[in-house]
Amino acid sequence: MRDENEILPYTGLAALRRRTVDSVLRAWREVEVMARHAVQHDIRPSVPNEDVELLLNEMRRCLDSKGGEVTARAHTADLGRTYLKLNEAGRIKFLKLLAEEFSLDKKNLAALTKEYAKASDNAEKLRLEIAMRDVLVTPRSIILRQFTALPDGFKFLINMRADLLQIVGDDVSLKGLEYDLKHILFEWFDIGLLDMAEITWKSPAVLLEKLIEYEAVHRVASWDDLKNRLDSDRRVFAFFHNKMPLEPLIFVHVALVEGMSGNIQQLLDEKVPVTDIDKADTAIFYSISNAQKGLVGISFGNFLIKRVVNVLTSEMKNIKTFATLSPIPGFRSWLDSELAQNKSKLIGAGDREILAQLNTDWIKDKKAAAALKPVLLKLCSHYLIEAKKNDKPLDPVCNFHLSNGARLERLNWLGDTSPKGIKQSAGLMVNYYYKLSEIDENHEDFMTHGKIAASKTVRNML
């Protein structure tokens, strides 16, 4: 039985992935036992040069159609097991070999393109179009797709893409491999194939552990902290794929409260009495976390929030307001860059002198905090509304919620006084208001014209 005051007895995501790897290896051993012709080579973890040809042969074997479907799965499982046993250097070499040696057949594609340009008969053109489509399917993508037929194969591909994203850089061949992986995952993790479920204190322990480890916004300190976030006035919803039933893809924490919350420490305080949900009139989305790094760029968050709104609207008629209590992760770095400019148009000499106090322990100095408040609120409102890149808000959280149709409603002074909150946003937090009657219009205005929906209160701070 869990000790509710105990911090998780393992070292985080690395250990969580290690347990996933162990589970996958056990499942894939069973696949290999079923095949008479499964071949295993003892490739060393760093893949030294003398082992490269052995690894390439394992990859080529996955493209060999001889032996039937069972043997093909065994070869794929064998290749996957090899990858899981490699160290960091070995995985980099594995990914480069897969990217470079099993890429597009460019010569064949060029030849077909020339034939197509000369063809005049429609039937011939159609034949060449089909041939070109076949050539455009890279051998590496064929190998990768075979993992989807294996137990936990989807999780394997997600973790492989997470590894790949760390090293891809400007490497063209690795970018091609990353494209193939993303395309495969995008097909399988289409929003129509996902299920939304509520996570409660009675959910399986393994799922609750992942809820703790994957939390990316406000760290869960203990089992008591988690239990508080799953109390009767709280809700947690997540998207799942049926091939990964105990692996949340993305999850959101919701607090049912009276009025719009403006301070995260108060919202998460375990000593604060539980809200009577019959009196609650507001649902506060205070944390949304992507659980799978390998699914970066495959968006679920906007769909999750809207589905949660629909569920709460149908189940709780007293909830009339839907809003977030969100961090402003890029504010301090942007502010520091402005301060580094000797002649910033936004920061005058007087403000610069006041902002120098940010280098002190100003949070404990009431006089310093009082002087900083109007300056920081003004600059933060400018950052959220005016600071842009490619005509989109510079702040990623702001861009996410505005693109969903939310309104920039309120800035909260000292909304997050944790070390992380002070470091990334000078303690400020923001409420984005999802007013149901305005969501579609706000979304269209933002996506089409770049128009930012913001309350008069926030705009007046400019």
# chains A, B, ... in the order shown; residues from 1 in each chain; ligands from 1
call {"tool": "closest_atom_pairs", "arguments": {"of": "segment 118-221 of chain A", "to": "segment 286-307 of chain A", "cutoff": "7 Å", "atoms": "only C-alpha atoms", "output": "tab-separated table"}}
result
residue	atom	partner	partner_atom	distance
A:Ile158	CA	A:Gly294	CA	4.4
A:Asn159	CA	A:Gly294	CA	5.6
A:Arg161	CA	A:Gly294	CA	4.9
A:Ala162	CA	A:Gly294	CA	4.1
A:Phe186	CA	A:Ile298	CA	6.4
A:Ile191	CA	A:Phe300	CA	7.0
A:Tyr214	CA	A:Ala291	CA	5.3
A:Glu215	CA	A:Ser289	CA	5.9
A:Ala216	CA	A:Ser289	CA	5.6
A:Val217	CA	A:Ser287	CA	6.0
call {"tool": "write_last_selection", "arguments": {"atoms": "C-alpha atoms", "output": "short mmCIF file (atom, residue, chain, number, x, y, z; two decimals), in the first residue's frame"}}
result
data_model
loop_
_atom_site.label_atom_id
_atom_site.label_comp_id
_atom_site.auth_asym_id
_atom_site.auth_seq_id
_atom_site.Cartn_x
_atom_site.Cartn_y
_atom_site.Cartn_z
CA ILE A 158 7.31 7.61 -29.62
CA ASN A 159 10.42 7.15 -27.49
CA ARG A 161 11.30 10.06 -31.98
CA ALA A 162 12.00 11.70 -28.62
CA PHE A 186 0.34 11.51 -36.89
CA ILE A 191 -7.76 13.00 -32.60
CA TYR A 214 4.77 13.75 -16.43
CA GLU A 215 3.50 16.88 -14.65
CA ALA A 216 5.40 19.68 -16.39
CA VAL A 217 3.86 22.88 -15.00
#
call {"tool": "select_by_dssp", "arguments": {"residues": "segment 269-315 of chain A", "states": "strand (DSSP E or B)", "output": "ChimeraX atom specification"}}
result
/A:282-290
call {"tool": "select_by_dssp", "arguments": {"residues": "segment 123-232 of chain A", "states": "helix (DSSP H, G or I)", "output": "JSON, numbers by chain"}}
result
{"A": [123, 124, 125, 126, 127, 128, 129, 130, 131, 132, 133, 134, 135, 139, 140, 141, 142, 143, 144, 145, 146, 147, 148, 149, 153, 154, 155, 156, 157, 158, 159, 160, 161, 162, 163, 164, 165, 172, 173, 174, 175, 176, 177, 178, 179, 180, 181, 182, 183, 184, 185, 186, 187, 188, 191, 192, 193, 205, 206, 207, 208, 209, 210, 211, 212, 213, 214, 223, 224, 225, 226, 227, 228, 229]}
call {"tool": "closest_residue", "arguments": {"among": "A:Ile199, A:Leu436, A:Ile328, A:Ala371", "to": "Ala356 of chain A", "atoms": "only C-alpha atoms"}}
result
A:Ala371
call {"tool": "residues_around", "arguments": {"residues": "segment 133-145 of chain A", "least_positions_apart": "5", "cutoff": "6 Å", "atoms": "only C-alpha atoms", "output": "compact mmCIF listing (two decimals) with C-alpha atoms, in the first residue's frame"}}
result
# COMPACT_ATOMS: atom_id res chain seq x y z
CA PHE A 102 17.40 3.27 -45.97
CA SER A 103 16.40 6.60 -47.47
CA LEU A 104 14.65 7.55 -50.70
CA ASP A 180 8.82 9.62 -41.58
call {"tool": "atom_distance", "arguments": {"atom1": "atom CA of Asn108 of chain A", "atom2": "atom CA of Lys66 of chain A"}}
result
24.1 Å
call {"tool": "residues_around", "arguments": {"residues": "Ser232 of chain A", "least_positions_apart": "4", "cutoff": "9 Å", "atoms": "only C-alpha atoms", "output": "list in words"}}
result
Asn228, Leu256, Val274, Thr275, Asp276 and Ile277 of chain A
call {"tool": "write_last_selection", "arguments": {"atoms": "N, CA and C atoms", "output": "PDB file, in the first residue's frame"}}
result
ATOM      1  N   ASN A 228      -4.681  15.698  -3.095  1.00  0.00           N
ATOM      2  CA  ASN A 228      -5.366  16.993  -3.040  1.00  0.00           C
ATOM      3  C   ASN A 228      -5.804  17.433  -4.440  1.00  0.00           C
ATOM      4  N   LEU A 256     -12.456  23.296  -9.451  1.00  0.00           N
ATOM      5  CA  LEU A 256     -13.815  23.832  -9.416  1.00  0.00           C
ATOM      6  C   LEU A 256     -13.902  24.786  -8.227  1.00  0.00           C
ATOM      7  N   VAL A 274     -11.946  22.038   1.130  1.00  0.00           N
ATOM      8  CA  VAL A 274     -12.469  21.620  -0.166  1.00  0.00           C
ATOM      9  C   VAL A 274     -13.688  22.455  -0.529  1.00  0.00           C
ATOM     10  N   THR A 275     -13.734  22.908  -1.771  1.00  0.00           N
ATOM     11  CA  THR A 275     -14.860  23.714  -2.241  1.00  0.00           C
ATOM     12  C   THR A 275     -16.118  22.863  -2.374  1.00  0.00           C
ATOM     13  N   ASP A 276     -17.240  23.400  -1.927  1.00  0.00           N
ATOM     14  CA  ASP A 276     -18.531  22.755  -2.145  1.00  0.00           C
ATOM     15  C   ASP A 276     -18.859  22.898  -3.631  1.00  0.00           C
ATOM     16  N   ILE A 277     -18.796  21.782  -4.374  1.00  0.00           N
ATOM     17  CA  ILE A 277     -18.933  21.881  -5.824  1.00  0.00           C
ATOM     18  C   ILE A 277     -20.323  22.349  -6.253  1.00  0.00           C
TER      19      ILE A 277
END
